[in-house]
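Here's entry17.txt, which has compact mmCIF, C-alpha atoms:
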```txt
# COMPACT_ATOMS: atom_id res chain seq x y z
CA MET L 1 97.91 97.21 104.37
CA ASP L 2 101.30 97.85 105.94
CA MET L 3 103.51 95.41 104.05
CA GLY L 4 106.41 95.75 106.50
CA VAL L 5 108.71 97.17 103.81
CA ASP L 6 111.41 99.68 104.69
CA ALA L 7 110.51 103.16 103.44
CA ASP L 8 113.68 103.54 101.39
CA ASP L 9 113.08 100.12 99.78
CA TRP L 10 109.53 100.79 98.57
CA LEU L 11 110.44 104.25 97.32
CA ALA L 12 113.45 102.89 95.42
CA GLU L 13 111.40 100.05 93.96
CA THR L 14 108.65 102.43 92.88
CA ARG L 15 111.18 104.76 91.27
CA THR L 16 112.94 101.93 89.41
CA SER L 17 109.65 100.39 88.28
CA TYR L 18 108.39 103.60 86.71
CA ASP L 19 111.78 104.39 85.17
CA THR L 20 111.48 101.00 83.45
CA VAL L 21 107.96 101.52 82.08
CA ALA L 22 108.05 105.27 81.40
CA ALA L 23 107.97 105.17 77.59
CA SER L 24 105.31 102.45 77.33
CA TYR L 25 103.29 104.07 80.14
CA ALA L 26 103.14 107.28 78.11
CA GLU L 27 101.89 105.43 75.03
CA LEU L 28 99.25 103.42 76.89
CA THR L 29 97.82 106.26 78.99
CA ARG L 30 98.17 109.27 76.72
CA HIS L 31 94.53 109.26 75.55
CA LEU L 32 92.78 107.94 78.67
CA LEU L 33 91.11 111.26 79.41
CA ASP L 34 89.50 111.15 75.96
CA GLU L 35 87.60 108.07 77.19
CA THR L 36 86.68 109.41 80.64
CA PRO L 37 84.23 112.33 80.44
CA GLU L 38 83.35 112.26 84.14
CA GLU L 39 86.99 112.62 85.12
CA ARG L 40 87.24 115.57 82.73
CA VAL L 41 84.27 117.12 84.52
CA ALA L 42 86.05 116.69 87.88
CA LEU L 43 89.18 118.34 86.52
CA ALA L 44 87.13 121.20 85.04
CA LEU L 45 85.40 121.74 88.39
CA PHE L 46 88.78 121.78 90.13
CA ALA L 47 89.98 124.37 87.59
CA ASP L 48 86.91 126.51 88.27
CA VAL L 49 87.65 126.46 92.01
CA VAL L 50 91.26 127.48 91.41
CA ARG L 51 90.18 130.37 89.17
CA ALA L 52 87.57 131.46 91.74
CA ARG L 53 90.40 131.79 94.25
CA GLY L 54 92.32 134.09 91.92
CA GLY L 55 94.47 131.52 90.17
CA GLY L 56 98.05 130.74 91.05
CA LEU L 57 100.33 127.72 90.93
CA VAL L 58 98.80 124.24 90.81
CA ALA L 59 100.88 121.17 91.68
CA ASP L 60 100.24 117.83 89.99
CA VAL L 61 101.92 115.54 92.53
CA GLY L 62 102.91 112.14 91.20
CA CYS L 63 102.49 113.52 87.69
CA GLY L 64 104.05 110.60 85.82
CA THR L 65 104.45 111.53 82.16
CA GLY L 66 102.55 114.77 82.63
CA ARG L 67 99.24 113.98 80.95
CA ILE L 68 97.14 115.51 83.76
CA THR L 69 99.54 118.45 84.09
CA GLY L 70 99.11 119.13 80.39
CA HIS L 71 95.33 118.87 80.64
CA LEU L 72 95.27 121.32 83.54
CA ARG L 73 97.33 123.77 81.49
CA ASN L 74 94.88 123.37 78.61
CA LEU L 75 92.19 124.38 81.11
CA GLY L 76 94.12 127.59 81.69
CA LEU L 77 95.85 126.74 84.96
CA ASP L 78 99.47 127.49 85.85
CA ALA L 79 100.15 123.81 86.53
CA PHE L 80 103.46 122.05 87.08
CA GLY L 81 104.33 118.43 87.84
CA ILE L 82 106.33 116.56 90.46
CA ASP L 83 107.29 112.89 90.24
CA LEU L 84 109.61 110.42 91.94
CA SER L 85 110.79 108.80 88.71
CA PRO L 86 113.49 110.49 86.60
CA GLY L 87 112.37 108.40 83.64
CA MET L 88 108.81 109.70 83.94
CA ILE L 89 110.03 113.26 84.32
CA ASP L 90 112.20 112.94 81.19
CA VAL L 91 109.18 111.77 79.17
CA ALA L 92 106.98 114.53 80.65
CA ARG L 93 109.48 117.20 79.65
CA ARG L 94 109.69 115.82 76.10
CA GLU L 95 105.93 115.56 75.69
CA HIS L 96 105.16 118.93 77.28
CA PRO L 97 108.02 121.27 76.34
CA GLY L 98 108.18 124.48 78.31
CA VAL L 99 106.20 123.07 81.24
CA ARG L 100 107.84 122.81 84.65
CA PHE L 101 108.44 119.27 85.90
CA ASP L 102 110.35 118.67 89.14
CA LEU L 103 111.91 115.48 90.45
CA GLY L 104 110.66 114.86 93.98
CA SER L 105 108.65 112.73 96.38
CA MET L 106 105.30 113.42 97.99
CA THR L 107 106.71 111.85 101.16
CA ASP L 108 109.07 114.84 101.48
CA LEU L 109 107.45 117.52 99.35
CA ALA L 110 110.00 120.20 98.53
CA LEU L 111 107.57 123.10 98.18
CA ALA L 112 107.27 126.15 100.41
CA ASP L 113 104.40 126.51 102.87
CA ALA L 114 101.19 127.86 101.29
CA SER L 115 102.91 128.12 97.91
CA VAL L 116 100.22 126.55 95.69
CA THR L 117 96.58 127.44 95.13
CA GLY L 118 95.56 123.90 94.17
CA LEU L 119 96.95 120.38 94.26
CA VAL L 120 96.07 117.24 92.29
CA ALA L 121 97.07 113.68 93.19
CA TRP L 122 95.72 111.67 90.25
CA TYR L 123 95.95 107.97 91.13
CA SER L 124 99.32 108.77 92.71
CA LEU L 125 98.59 107.72 96.30
CA ILE L 126 98.10 104.13 95.19
CA HIS L 127 101.68 103.09 96.02
CA ILE L 128 101.86 104.92 99.37
CA PRO L 129 101.60 102.53 102.36
CA ASP L 130 98.89 103.25 104.93
CA ASP L 131 101.42 104.30 107.55
CA GLU L 132 102.75 107.04 105.23
CA ILE L 133 99.40 108.48 104.14
CA LYS L 134 98.95 110.87 107.05
CA SER L 135 102.43 112.32 106.52
CA VAL L 136 101.77 112.79 102.81
CA LEU L 137 98.44 114.54 103.45
CA ALA L 138 100.16 116.77 106.02
CA HIS L 139 102.57 117.85 103.28
CA PHE L 140 99.65 118.52 100.94
CA ARG L 141 97.99 120.70 103.56
CA ARG L 142 101.24 122.51 104.35
CA VAL L 143 101.92 123.56 100.75
CA LEU L 144 98.32 124.53 99.94
CA ARG L 145 96.99 127.99 100.65
CA PRO L 146 94.05 128.12 103.08
CA GLY L 147 90.88 127.22 101.22
CA GLY L 148 92.83 125.76 98.32
CA PRO L 149 91.33 122.72 96.56
CA LEU L 150 92.76 119.22 96.62
CA LEU L 151 91.63 116.73 93.98
CA LEU L 152 92.33 113.06 94.73
CA THR L 153 91.65 109.98 92.65
CA PHE L 154 92.34 106.43 93.79
CA HIS L 155 91.45 102.79 93.23
CA VAL L 156 88.58 101.63 95.44
CA GLY L 157 88.87 98.37 97.36
CA ASP L 158 90.21 96.69 100.46
CA ASP L 159 93.39 94.97 99.32
CA SER L 160 97.02 95.55 98.45
CA GLN L 161 98.52 93.60 95.58
CA LEU L 162 102.09 93.30 94.37
CA LYS L 163 102.39 94.36 90.73
CA THR L 164 105.27 92.52 89.08
CA GLU L 165 104.79 93.65 85.49
CA GLY L 166 102.83 96.24 83.61
CA TYR L 167 102.50 98.69 80.73
CA GLY L 168 103.60 96.39 77.95
CA GLY L 169 104.85 93.54 80.12
CA HIS L 170 107.84 95.33 81.61
CA PRO L 171 109.03 94.19 85.06
CA MET L 172 107.80 96.17 88.04
CA LYS L 173 107.82 95.73 91.80
CA VAL L 174 105.22 97.98 93.37
CA TYR L 175 102.33 97.42 95.74
CA VAL L 176 99.00 98.82 94.53
CA HIS L 177 96.86 99.83 97.52
CA ARG L 178 93.09 100.00 97.02
CA ARG L 179 91.14 101.99 99.59
CA GLN L 180 87.58 102.73 100.59
CA PRO L 181 86.26 106.29 100.16
CA ASP L 182 85.16 106.46 103.82
CA GLN L 183 88.68 105.69 105.02
CA THR L 184 90.21 108.17 102.60
CA MET L 185 87.79 110.91 103.66
CA GLU L 186 88.51 110.18 107.31
CA TRP L 187 92.23 110.63 106.67
CA LEU L 188 91.51 113.90 104.86
CA ASN L 189 89.39 115.22 107.71
CA GLU L 190 92.08 114.32 110.24
CA ALA L 191 94.68 116.09 108.07
CA GLY L 192 92.73 119.36 108.07
CA PHE L 193 90.72 119.09 104.85
CA ALA L 194 86.99 119.55 104.34
CA VAL L 195 85.55 117.13 101.78
CA GLU L 196 83.16 118.88 99.39
CA ARG L 197 82.36 116.25 96.77
CA HIS L 198 83.05 112.58 96.28
CA ARG L 199 81.93 109.75 94.06
CA THR L 200 82.95 106.35 92.75
CA LEU L 201 82.83 105.24 89.14
CA ALA L 202 84.16 102.70 86.69
CA SER L 203 86.04 104.04 83.69
CA ALA L 204 89.13 103.63 81.55
CA GLU L 205 91.12 105.15 84.41
CA SER L 206 90.13 102.51 86.97
CA LYS L 207 87.90 99.43 87.21
CA LEU L 208 86.47 101.15 90.28
CA GLY L 209 87.82 104.58 91.06
CA GLY L 210 87.18 107.18 93.70
CA ILE L 211 87.22 110.95 93.15
CA ILE L 212 87.33 113.39 96.07
CA LEU L 213 87.38 117.17 95.93
CA ALA L 214 88.38 118.71 99.27
CA ARG L 215 89.62 122.06 100.55
CA ARG L 216 92.39 122.93 102.93
CA GLN L 217 90.79 124.29 106.07
CA PRO L 218 92.32 127.38 107.74
```
Target format structure tokens, applied to this file:
Amino acid sequence: MDMGVDADDWLAETRTSYDTVAASYAELTRHLLDETPEERVALALFADVVRARGGGLVADVGCGTGRITGHLRNLGLDAFGIDLSPGMIDVARREHPGVRFDLGSMTDLALADASVTGLVAWYSLIHIPDDEIKSVLAHFRRVLRPGGPLLLTFHVGDDSQLKTEGYGGHPMKVYVHRRQPDQTMEWLNEAGFAVERHRTLASAESKLGGIILARRQP
């Protein structure tokens, strides 16, 4: 799935694309969780694991307009969001006043070692090329406390497609990478995570989505 694109190019194109669609993205995705009870169950289970570990900060990495961050806070977690797109962050701050949202990239995660109890990447690895995945997961492991939960969701498949418009017909230029659960779990194991639960399902979030709950091994 390596598209041979320079790292700075794909990051810049992803940032610009989501700046362009930020407002319409918020409108079109705001109520998705209302239509996806099984995803809500996964988020509730993640919240239970965080509370069982004594609570603490939870990072929603690739948070977009903050809908998952807000849901996690409604579940009682001390969640904050990080996203590459200033446009998305601006919308997140407007829609969730008083919640922390940081501008940043999961490819160079600006969080201290072992500084978060839990981490969520909700359909946010889908634009990361294969050759960057291991580095991103290494950052996730670095910032998580030992035993801390990681909740991943992703589109299931074997292809990468260039998305040229979306969310109301606005222009975009991003590759959407679909991956198999076995490959994703192999990457997690190699990165120092222990997979605890996984499943695939079709829902309003994805035509075929994967959900993995893992823990950072010591």
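Counting all atoms listed in the file and comparing L:Pro181, L:Pro86, L:Pro129, L:Gly76, the residue that lies closest to Thr20 in chain L is L:Pro86.
With only C-alpha atoms as the basis for measurement, L:Gly166 is the residue among L:Gly166, L:Gln180, L:Asp90, L:Val41 that approaches Leu28 in chain L most closely.
Comparing the minimum interatomic distances between His96 in chain L and each of L:Gly169, L:Gly192, L:Pro218, L:Gly70, counting all atoms listed in the file, we find that L:Gly70 sits nearest.
Distances to His127 in chain L were evaluated for L:Gln217, L:Thr36, L:Gln161, L:Thr200 using all atoms listed in the file, and the minimum falls at L:Gln161.
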Restricting to all atoms listed in the file, whichever of L:Lys173, L:Arg215, L:Lys207, L:Arg179 is closest to Trp10 in chain L is L:Lys173
Select, from L:Arg94, L:Val143, L:Leu213, L:Arg199, the residue with the minimum atom-to-atom distance to Ala112 in chain L, counting all atoms listed in the file.
L:Val143
